[in-house]
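Beneath this line is the structure, given in structure tokens, with notes to follow.
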Amino acid sequence: MTKVDTKNLSAANSSGRRVPLEFQRNIGIAAHIDAGKTTTTERILFYSGKIHKIGEVHEGSATTDWMSQERERGITITSAAISTQWVTKRGPYEGIPHRINIIDTPGHVDFTAEVERSLKVLDGAVAVFCAVAGVQPQSETVWRQMDKYGVPRICFINKMDRTGADFYGAIEDIRGKLGTNAHPIYLPIGAEAGFVGLIDLIRMQAHMYGEEDATGSNFTEEEIPGDYREEAEKYREALLEDIAAFDDALMEKYLEGEEITDEEFMRGIRAATLSHHFVPVIPGTAFKNKGVQKLLNAVVNYLPSPLDIPPQKGHDVEDESQLVEIAPNDDTPVAGLAFKLFTDPYVGKLVFFRIYSGTLRKGSTLINPRTGKTERISRLMIMHSDKREDIDAAYSGDIVAIIGAKDVRTGDTLADKGQNVILEPPTFPEPVISMSVEPASKADQEKLSLALQRLAEEDPTFVVSSDEETGQTIIAGMGELHLDIIRDRLLREFKVEAQVGKPQIAYRETITHPADGTGKFVRQSGGRGQYGHAEIKIEPLEAGKGYEFSNEIVGGVIPKEYIKPTEEGIVEAARSGTVAGYPVVDFKVRLTFGSFHEVDSSEMAFKMAGIFAFREAMQKAKPVLLEPMMKVEVETPDEFQGDIVGDLNRRRGVIQGIESKVSVTRIAAHVPLEQMFGYSTDVRSLSKGRASYSMEPSHFEPVPNNLLEDIVKSSSRTPNRT
């Protein structure tokens with residue numbers, strides 16, 4: 001490695017000036033709710049010198065939980081970005097200050113969009129697991145999100161001080177449930193109240209913490225205790241054997257039995273981690289200040305810089321079939337992704353922006369390819385949770401907040417005029433729950449509309465619509481807590497009093513048999529008439545496949561210009577099915593035949609023909625109503641297991657598994673969402689407040705026939721057609 005001016009690098013890191021990309025890390029902290037993400041982030045900020053007093057989640061003083069709702073409830077709701085600096089004392093990067101941009105993400109499934117968009121723009125991640133609970137439902141969800149965006153990661157097994165902590169059991173859980181090649185790079189010395197130190201498997205040294213350790217820096221380096229030596233050698237050999245496969249030079253030395261230096265060992269771990277086929281694991285307890293510095297060293301040594309990740313993919317603005325790749329380079333035109341919007345009460349709309357190429361300066365003008373309009377960047381900022389620091393320029397690899405952009409949505413590309421690219425945006429799940437919302441007074445009507453519009457801009461999983469039949473405003477989101485937070489923000493931030501209706505389920509419809517349908521739209525009322533005729537065949541697809549359309553017209557019986565309007569009619573009709581008026585999913589349409597009139601045919605006539613054809617085919621295809629099923633996991637003391645299982649069965653739940661762990665039982669079940677309203681109160685009552693649960697969308701299943709009639713009657717969407 002070349003000689004580095006560490007003094008100037010340190011100044012660059014602290015002031016926001018350019019930091020060499022090699023020495024920058026953009027990471028996320030992600031996990032299941034209550035695994036300790038925010039506490040871990042707080043310790044990272046303390047040990048790196050960003051803050052000088054540790055805040056606690058349970059006291060409502062954590063740096064990254066800055067919203068009033070977060071501090072009151074003790075959970076993370078919105079992802080918070082913050083920058084800090086760390087200098088590792090050993091390894092390939094010894095003594096070099098690194099800037100670490102951190103995003104602390106929510107663990108509750110209702111706010112999964114925050115995790116999704118954060119992982120889209122991050123280069124690496126720390127997955128936090130509870131040493132007692134191991135892999136929990138949201139752990140699996142965030143792991144899949146990391147896989148989706150190809151994010152290299154480190155595992156931090158937190159809460160090693162808790163009763164029932166099992167480091168090796170947690171690793172087996174990670175390997176088994178997540179299907180990953182996880183290996184410890186440190187071993188714990190002791191567990192629960194006896195967790196007193198770590199064994200470094202690379203340097204083969206013990207790090208012993210003092211009993212009354214208030215800062216986490218009060219540790220001594222010692223020889224590995226004799227009763228741990230054999231175990232440490234076994235795990236070191238397994239680690240070395242595994243990572244040698246990712247480095248040819250290391251493999252050669254390993255097979256020849258030659259001595260491998262610490263730096264070579266660390267380079268091998270880095271190469272293996274960046275390959276996505278290896279995950280380093282570190283034990284610790286963030287709350288008791290043990291293991292966090294080792295985690296920071298691992299972030300610097302093993303997670304990628306912006307230079308280590310593949311170029312970002314997008315397509316040409318004018319030709320969607322043409323792939324465009326954007327690699328980090330300060331001297332090329334600017335291109336980046338707007339991944340989050342937030343309305344700040346002091347500065348207005350903030351757009352969180354990941355720069356993938358170029359140098360962005362205050363006062364620059366960028367183009368939004370979606371709108372074709374220019375956006376002037378009036379101010380540039382580095383975010384420190386809810387605090388802001390103005391800067392004059394930002395560079396490729398940076399994550400910043402920009403002010404001045406007007407017509408920008410989550411997932412928009414902003415680029416210099418010379419960059420004709422639209423980057424791939426993050427994708428988000430559809431809402432599963434909705435309810436009506438009305439202003440408490442006429443004076444609140446306009447304020448409510450404006451507030452809902454701003455909240456929908458910020459959150460892609462929050463959808464606002466209008467019920468055509470009742471005229472009510474409908475809000476939809478990912479769960480009860482999600483919509484409860486929205487209602488709370490309406491009152492606190494926008495001073496809008498709103499009344500909400502009973503939550504409604506986002507049902508879907510699908511077909512179970514193939515069918516055909518004919519649609520004819522013929523109008524003749526003097527002068528030019530209207531004529532459209534389309535014949536289709538529909539067939540069911542596998543669950544989750546969505547919608548497919550196949551144009552099988554031959555001989556020009558329907559001219560090309562009328563194919564698209566016909567499909568538009570089919571899509572429009574599918575938005576409200578024939579069972580209870582809910583959207584139709586998982587079906588394929590084949591347009592097979594039709595006819596046209598040279599004078600009277602029009603796009604509108606064929607759109608109507610598509611609507612009529614779909615409705616006829618849908619009625620013949622034995623349609624069914626689908627309800628969202630939730631993956632529910634309850635952790636309860638053993639004594640309440642029977643009551644919890646019985647209650648889940650009464651809710652039409654299907655038990656998927658029961659697992660016992662040190663006087664605690666984990667019950668997994670699939671339960672209809674319709675049966676889960678108010679469950680938090682019921683589960684507390686059944687367990688005297690000692691059980692906890694988590695819930696996330698799983699899949700859709702047909703509604704039982706004995707319940708179908710009631711749902712159809714109560715639905716305001718039920719079509720009234722003859």
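To be explicit about the labels: the chains of the structure tokens are called A, B, and onward in the order shown, and within each one the residues are counted from 1, while ligands get numbers from 1 in the order they are shown.
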(request) Write out as a PyMOL selection string all residues of stretch 423-547 of chain A that backbone DSSP assigns to strand (DSSP E or B). (result) chain A and resi 423+433-439+463-466+473-477+498-500+504-505+508-511+515-523+530-540+547
(request) Taking the DSSP assignment computed from this structure's backbone, write out as a ChimeraX atom specification all residues of stretch 587-661 of chain A that belong to alpha helix (DSSP H). (result) /A:603-620,641-650
Writer output for current selection, C-alpha atoms, as a CSV table (one decimal), in the first residue's frame:
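See again-v9.csv below for the written result:
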chain,number,residue,atom,x,y,z
A,603,GLU,CA,-58.8,3.4,-29.8
A,604,MET,CA,-61.6,4.1,-27.4
A,605,ALA,CA,-63.8,1.5,-29.0
A,606,PHE,CA,-61.1,-1.2,-28.7
A,607,LYS,CA,-60.4,-0.2,-25.1
A,608,MET,CA,-64.1,-0.8,-24.3
A,609,ALA,CA,-64.0,-4.1,-26.2
A,610,GLY,CA,-61.0,-5.1,-24.0
A,611,ILE,CA,-62.9,-4.3,-20.9
A,612,PHE,CA,-66.0,-6.2,-22.0
A,613,ALA,CA,-64.0,-9.2,-23.1
A,614,PHE,CA,-62.1,-9.4,-19.8
A,615,ARG,CA,-65.3,-9.2,-17.7
A,616,GLU,CA,-66.9,-12.0,-19.7
A,617,ALA,CA,-63.9,-14.2,-19.4
A,618,MET,CA,-63.4,-13.5,-15.8
A,619,GLN,CA,-66.9,-14.6,-14.9
A,620,LYS,CA,-66.4,-17.9,-16.7
A,641,GLN,CA,-47.5,-21.7,24.9
A,642,GLY,CA,-50.9,-23.6,25.0
A,643,ASP,CA,-52.9,-20.4,25.3
A,644,ILE,CA,-51.0,-18.7,22.5
A,645,VAL,CA,-51.3,-21.7,20.2
A,646,GLY,CA,-55.0,-22.0,20.9
A,647,ASP,CA,-55.6,-18.3,20.3
A,648,LEU,CA,-53.8,-18.5,16.9
A,649,ASN,CA,-55.9,-21.5,15.9
A,650,ARG,CA,-59.1,-19.6,16.7
(request) Tell me which of A:His98, A:Lys661, A:Val121, A:Arg652 sits closest to A:Val400, counting only C-alpha atoms. (result)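 Nearest to A:Val400: A:Val121.
The neighbours of A:Arg487 here are the residues that come within 10 Å of it, using only C-alpha atoms and leaving out any residue fewer than 3 positions away in the same chain; they are Val437, Leu452, Leu481, His482, Leu483, Asp484, Leu490, Leu491, Arg492, Val496, Glu497, Ala498, Gln499 and Val500 of chain A.
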How about saving the chosen residues, N, CA, C and O atoms kept, as a PDB file, in the first residue's frame?
ATOM      1  N   VAL A 437     -59.973   8.229   5.737  1.00  0.00           N
ATOM      2  CA  VAL A 437     -59.548   9.338   6.587  1.00  0.00           C
ATOM      3  C   VAL A 437     -60.318  10.582   6.171  1.00  0.00           C
ATOM      4  O   VAL A 437     -60.487  10.858   4.981  1.00  0.00           O
ATOM      5  N   LEU A 452     -51.264  14.830   3.221  1.00  0.00           N
ATOM      6  CA  LEU A 452     -51.226  13.466   2.681  1.00  0.00           C
ATOM      7  C   LEU A 452     -50.359  13.387   1.435  1.00  0.00           C
ATOM      8  O   LEU A 452     -49.639  12.405   1.212  1.00  0.00           O
ATOM      9  N   LEU A 481     -49.474  -0.194  12.600  1.00  0.00           N
ATOM     10  CA  LEU A 481     -48.515   0.753  13.172  1.00  0.00           C
ATOM     11  C   LEU A 481     -48.132   1.820  12.155  1.00  0.00           C
ATOM     12  O   LEU A 481     -48.025   3.009  12.489  1.00  0.00           O
ATOM     13  N   HIS A 482     -47.937   1.409  10.914  1.00  0.00           N
ATOM     14  CA  HIS A 482     -47.589   2.333   9.838  1.00  0.00           C
ATOM     15  C   HIS A 482     -48.632   3.450   9.733  1.00  0.00           C
ATOM     16  O   HIS A 482     -48.305   4.645   9.740  1.00  0.00           O
ATOM     17  N   LEU A 483     -49.909   3.067   9.664  1.00  0.00           N
ATOM     18  CA  LEU A 483     -50.969   4.058   9.514  1.00  0.00           C
ATOM     19  C   LEU A 483     -51.174   4.855  10.802  1.00  0.00           C
ATOM     20  O   LEU A 483     -51.556   6.035  10.762  1.00  0.00           O
ATOM     21  N   ASP A 484     -50.900   4.236  11.939  1.00  0.00           N
ATOM     22  CA  ASP A 484     -50.993   4.958  13.209  1.00  0.00           C
ATOM     23  C   ASP A 484     -49.948   6.069  13.278  1.00  0.00           C
ATOM     24  O   ASP A 484     -50.229   7.184  13.740  1.00  0.00           O
ATOM     25  N   LEU A 490     -49.727  13.527  11.013  1.00  0.00           N
ATOM     26  CA  LEU A 490     -50.697  14.520  10.530  1.00  0.00           C
ATOM     27  C   LEU A 490     -50.992  15.549  11.618  1.00  0.00           C
ATOM     28  O   LEU A 490     -51.046  16.761  11.353  1.00  0.00           O
ATOM     29  N   LEU A 491     -51.154  15.069  12.835  1.00  0.00           N
ATOM     30  CA  LEU A 491     -51.498  15.959  13.941  1.00  0.00           C
ATOM     31  C   LEU A 491     -50.297  16.785  14.390  1.00  0.00           C
ATOM     32  O   LEU A 491     -50.385  18.007  14.547  1.00  0.00           O
ATOM     33  N   ARG A 492     -49.140  16.126  14.571  1.00  0.00           N
ATOM     34  CA  ARG A 492     -47.989  16.821  15.160  1.00  0.00           C
ATOM     35  C   ARG A 492     -47.271  17.737  14.175  1.00  0.00           C
ATOM     36  O   ARG A 492     -46.911  18.859  14.519  1.00  0.00           O
ATOM     37  N   VAL A 496     -53.104  18.811  11.602  1.00  0.00           N
ATOM     38  CA  VAL A 496     -54.370  18.429  10.983  1.00  0.00           C
ATOM     39  C   VAL A 496     -55.085  17.412  11.878  1.00  0.00           C
ATOM     40  O   VAL A 496     -54.543  16.345  12.172  1.00  0.00           O
ATOM     41  N   GLU A 497     -56.284  17.759  12.305  1.00  0.00           N
ATOM     42  CA  GLU A 497     -57.124  16.821  13.038  1.00  0.00           C
ATOM     43  C   GLU A 497     -57.849  15.929  12.021  1.00  0.00           C
ATOM     44  O   GLU A 497     -58.545  16.438  11.146  1.00  0.00           O
ATOM     45  N   ALA A 498     -57.654  14.617  12.134  1.00  0.00           N
ATOM     46  CA  ALA A 498     -58.267  13.708  11.168  1.00  0.00           C
ATOM     47  C   ALA A 498     -58.946  12.554  11.885  1.00  0.00           C
ATOM     48  O   ALA A 498     -58.473  12.085  12.925  1.00  0.00           O
ATOM     49  N   GLN A 499     -60.045  12.108  11.320  1.00  0.00           N
ATOM     50  CA  GLN A 499     -60.764  10.952  11.834  1.00  0.00           C
ATOM     51  C   GLN A 499     -60.570   9.801  10.860  1.00  0.00           C
ATOM     52  O   GLN A 499     -60.704   9.978   9.650  1.00  0.00           O
ATOM     53  N   VAL A 500     -60.248   8.628  11.382  1.00  0.00           N
ATOM     54  CA  VAL A 500     -59.992   7.480  10.511  1.00  0.00           C
ATOM     55  C   VAL A 500     -61.055   6.420  10.723  1.00  0.00           C
ATOM     56  O   VAL A 500     -61.632   6.284  11.799  1.00  0.00           O
TER      57      VAL A 500
END
(request) Compile the contact shell of A:Asp308 as a ChimeraX atom specification: residues with an atom at most 10 Å away, counting only C-alpha atoms, same-chain residues fewer than 6 positions apart removed. (result) /A:21-22,123,274,328
Keeping only N, CA and C atoms, write the selected residues to a file as a CSV table (one decimal), in the first residue's frame.
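The resulting file, out_0.csv, is reproduced below:
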chain,number,residue,atom,x,y,z
A,21,LEU,N,-11.8,7.6,-2.4
A,21,LEU,CA,-12.9,6.6,-2.4
A,21,LEU,C,-12.5,5.3,-1.7
A,22,GLU,N,-11.2,4.9,-1.7
A,22,GLU,CA,-10.7,3.7,-1.1
A,22,GLU,C,-10.9,3.7,0.4
A,123,ASP,N,-23.2,0.3,0.1
A,123,ASP,CA,-22.2,-0.6,-0.4
A,123,ASP,C,-22.0,-1.8,0.5
A,274,LEU,N,-16.2,-9.8,0.0
A,274,LEU,CA,-16.7,-9.0,-1.2
A,274,LEU,C,-17.3,-10.0,-2.2
A,328,PRO,N,-17.9,4.9,-10.4
A,328,PRO,CA,-17.5,6.1,-9.6
A,328,PRO,C,-16.3,6.7,-10.3
For A:Asp682, list every protein, DNA or RNA residue within 12 Å, evaluated using only C-alpha atoms, and leave out those in the same chain fewer than 4 positions away; present the list as a PDB file with N, CA, C and O atoms, in the first residue's frame.
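Result saved to result_25.pdb:
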ATOM      1  N   ASP A 643     -51.934 -21.472  25.551  1.00  0.00           N
ATOM      2  CA  ASP A 643     -52.910 -20.401  25.345  1.00  0.00           C
ATOM      3  C   ASP A 643     -52.644 -19.658  24.042  1.00  0.00           C
ATOM      4  O   ASP A 643     -53.580 -19.314  23.312  1.00  0.00           O
ATOM      5  N   ILE A 644     -51.364 -19.410  23.750  1.00  0.00           N
ATOM      6  CA  ILE A 644     -51.005 -18.679  22.521  1.00  0.00           C
ATOM      7  C   ILE A 644     -51.374 -19.500  21.288  1.00  0.00           C
ATOM      8  O   ILE A 644     -51.970 -18.985  20.331  1.00  0.00           O
ATOM      9  N   ASP A 647     -55.118 -19.603  20.770  1.00  0.00           N
ATOM     10  CA  ASP A 647     -55.624 -18.330  20.254  1.00  0.00           C
ATOM     11  C   ASP A 647     -55.324 -18.178  18.764  1.00  0.00           C
ATOM     12  O   ASP A 647     -56.167 -17.707  17.997  1.00  0.00           O
ATOM     13  N   LEU A 648     -54.116 -18.583  18.338  1.00  0.00           N
ATOM     14  CA  LEU A 648     -53.770 -18.504  16.913  1.00  0.00           C
ATOM     15  C   LEU A 648     -54.674 -19.419  16.086  1.00  0.00           C
ATOM     16  O   LEU A 648     -55.094 -19.058  14.979  1.00  0.00           O
ATOM     17  N   ARG A 651     -57.911 -17.897  15.384  1.00  0.00           N
ATOM     18  CA  ARG A 651     -57.814 -16.829  14.393  1.00  0.00           C
ATOM     19  C   ARG A 651     -57.613 -17.389  12.980  1.00  0.00           C
ATOM     20  O   ARG A 651     -57.164 -16.673  12.088  1.00  0.00           O
ATOM     21  N   GLN A 675     -57.581 -11.299  10.793  1.00  0.00           N
ATOM     22  CA  GLN A 675     -57.707 -11.804  12.158  1.00  0.00           C
ATOM     23  C   GLN A 675     -56.662 -11.216  13.109  1.00  0.00           C
ATOM     24  O   GLN A 675     -56.664 -11.554  14.295  1.00  0.00           O
ATOM     25  N   MET A 676     -55.783 -10.363  12.601  1.00  0.00           N
ATOM     26  CA  MET A 676     -54.666  -9.895  13.432  1.00  0.00           C
ATOM     27  C   MET A 676     -54.845  -8.487  13.979  1.00  0.00           C
ATOM     28  O   MET A 676     -53.972  -7.989  14.689  1.00  0.00           O
ATOM     29  N   PHE A 677     -55.950  -7.831  13.666  1.00  0.00           N
ATOM     30  CA  PHE A 677     -56.163  -6.500  14.214  1.00  0.00           C
ATOM     31  C   PHE A 677     -56.299  -6.585  15.733  1.00  0.00           C
ATOM     32  O   PHE A 677     -57.042  -7.405  16.262  1.00  0.00           O
ATOM     33  N   GLY A 678     -55.581  -5.732  16.419  1.00  0.00           N
ATOM     34  CA  GLY A 678     -55.651  -5.703  17.875  1.00  0.00           C
ATOM     35  C   GLY A 678     -54.909  -6.839  18.556  1.00  0.00           C
ATOM     36  O   GLY A 678     -55.053  -7.036  19.768  1.00  0.00           O
ATOM     37  N   LEU A 686     -52.890 -12.508  27.184  1.00  0.00           N
ATOM     38  CA  LEU A 686     -52.745 -13.956  27.314  1.00  0.00           C
ATOM     39  C   LEU A 686     -51.477 -14.348  28.066  1.00  0.00           C
ATOM     40  O   LEU A 686     -51.426 -15.414  28.686  1.00  0.00           O
ATOM     41  N   SER A 687     -50.452 -13.508  27.992  1.00  0.00           N
ATOM     42  CA  SER A 687     -49.146 -13.869  28.565  1.00  0.00           C
ATOM     43  C   SER A 687     -48.747 -12.990  29.738  1.00  0.00           C
ATOM     44  O   SER A 687     -47.582 -12.983  30.139  1.00  0.00           O
ATOM     45  N   LYS A 688     -49.704 -12.229  30.268  1.00  0.00           N
ATOM     46  CA  LYS A 688     -49.419 -11.295  31.368  1.00  0.00           C
ATOM     47  C   LYS A 688     -48.297 -10.326  31.001  1.00  0.00           C
ATOM     48  O   LYS A 688     -47.448  -9.977  31.816  1.00  0.00           O
ATOM     49  N   GLY A 689     -48.316  -9.929  29.730  1.00  0.00           N
ATOM     50  CA  GLY A 689     -47.357  -8.927  29.254  1.00  0.00           C
ATOM     51  C   GLY A 689     -45.976  -9.457  28.961  1.00  0.00           C
ATOM     52  O   GLY A 689     -45.062  -8.673  28.678  1.00  0.00           O
ATOM     53  N   ARG A 690     -45.787 -10.776  28.968  1.00  0.00           N
ATOM     54  CA  ARG A 690     -44.430 -11.333  28.839  1.00  0.00           C
ATOM     55  C   ARG A 690     -44.115 -11.865  27.440  1.00  0.00           C
ATOM     56  O   ARG A 690     -42.972 -12.219  27.167  1.00  0.00           O
ATOM     57  N   ALA A 691     -45.092 -11.950  26.558  1.00  0.00           N
ATOM     58  CA  ALA A 691     -44.843 -12.446  25.192  1.00  0.00           C
ATOM     59  C   ALA A 691     -44.678 -11.272  24.240  1.00  0.00           C
ATOM     60  O   ALA A 691     -45.199 -10.174  24.471  1.00  0.00           O
ATOM     61  N   SER A 692     -43.951 -11.501  23.158  1.00  0.00           N
ATOM     62  CA  SER A 692     -43.806 -10.501  22.100  1.00  0.00           C
ATOM     63  C   SER A 692     -44.046 -11.185  20.767  1.00  0.00           C
ATOM     64  O   SER A 692     -43.937 -12.414  20.651  1.00  0.00           O
ATOM     65  N   TYR A 693     -44.379 -10.407  19.765  1.00  0.00           N
ATOM     66  CA  TYR A 693     -44.629 -11.018  18.459  1.00  0.00           C
ATOM     67  C   TYR A 693     -44.154 -10.101  17.348  1.00  0.00           C
ATOM     68  O   TYR A 693     -43.966  -8.896  17.541  1.00  0.00           O
TER      69      TYR A 693
END
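Atom to atom, atom CA of A:Leu337 and atom CA of A:Leu423 stand 7.0 Å apart.
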(message) Between atom CA of A:Tyr346 and atom CA of A:Ala440, what is the distance in Å, rounded to a tenth?
(response) 26.8 Å
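The space separating atom CA of A:Leu455 from atom CA of A:Val317 comes to 28.7 Å.
You can rank A:Arg523, A:His670, A:Arg409, A:His533 by their closest distance to A:Lys340 using only C-alpha atoms, and at the top of that list sits A:Arg409.
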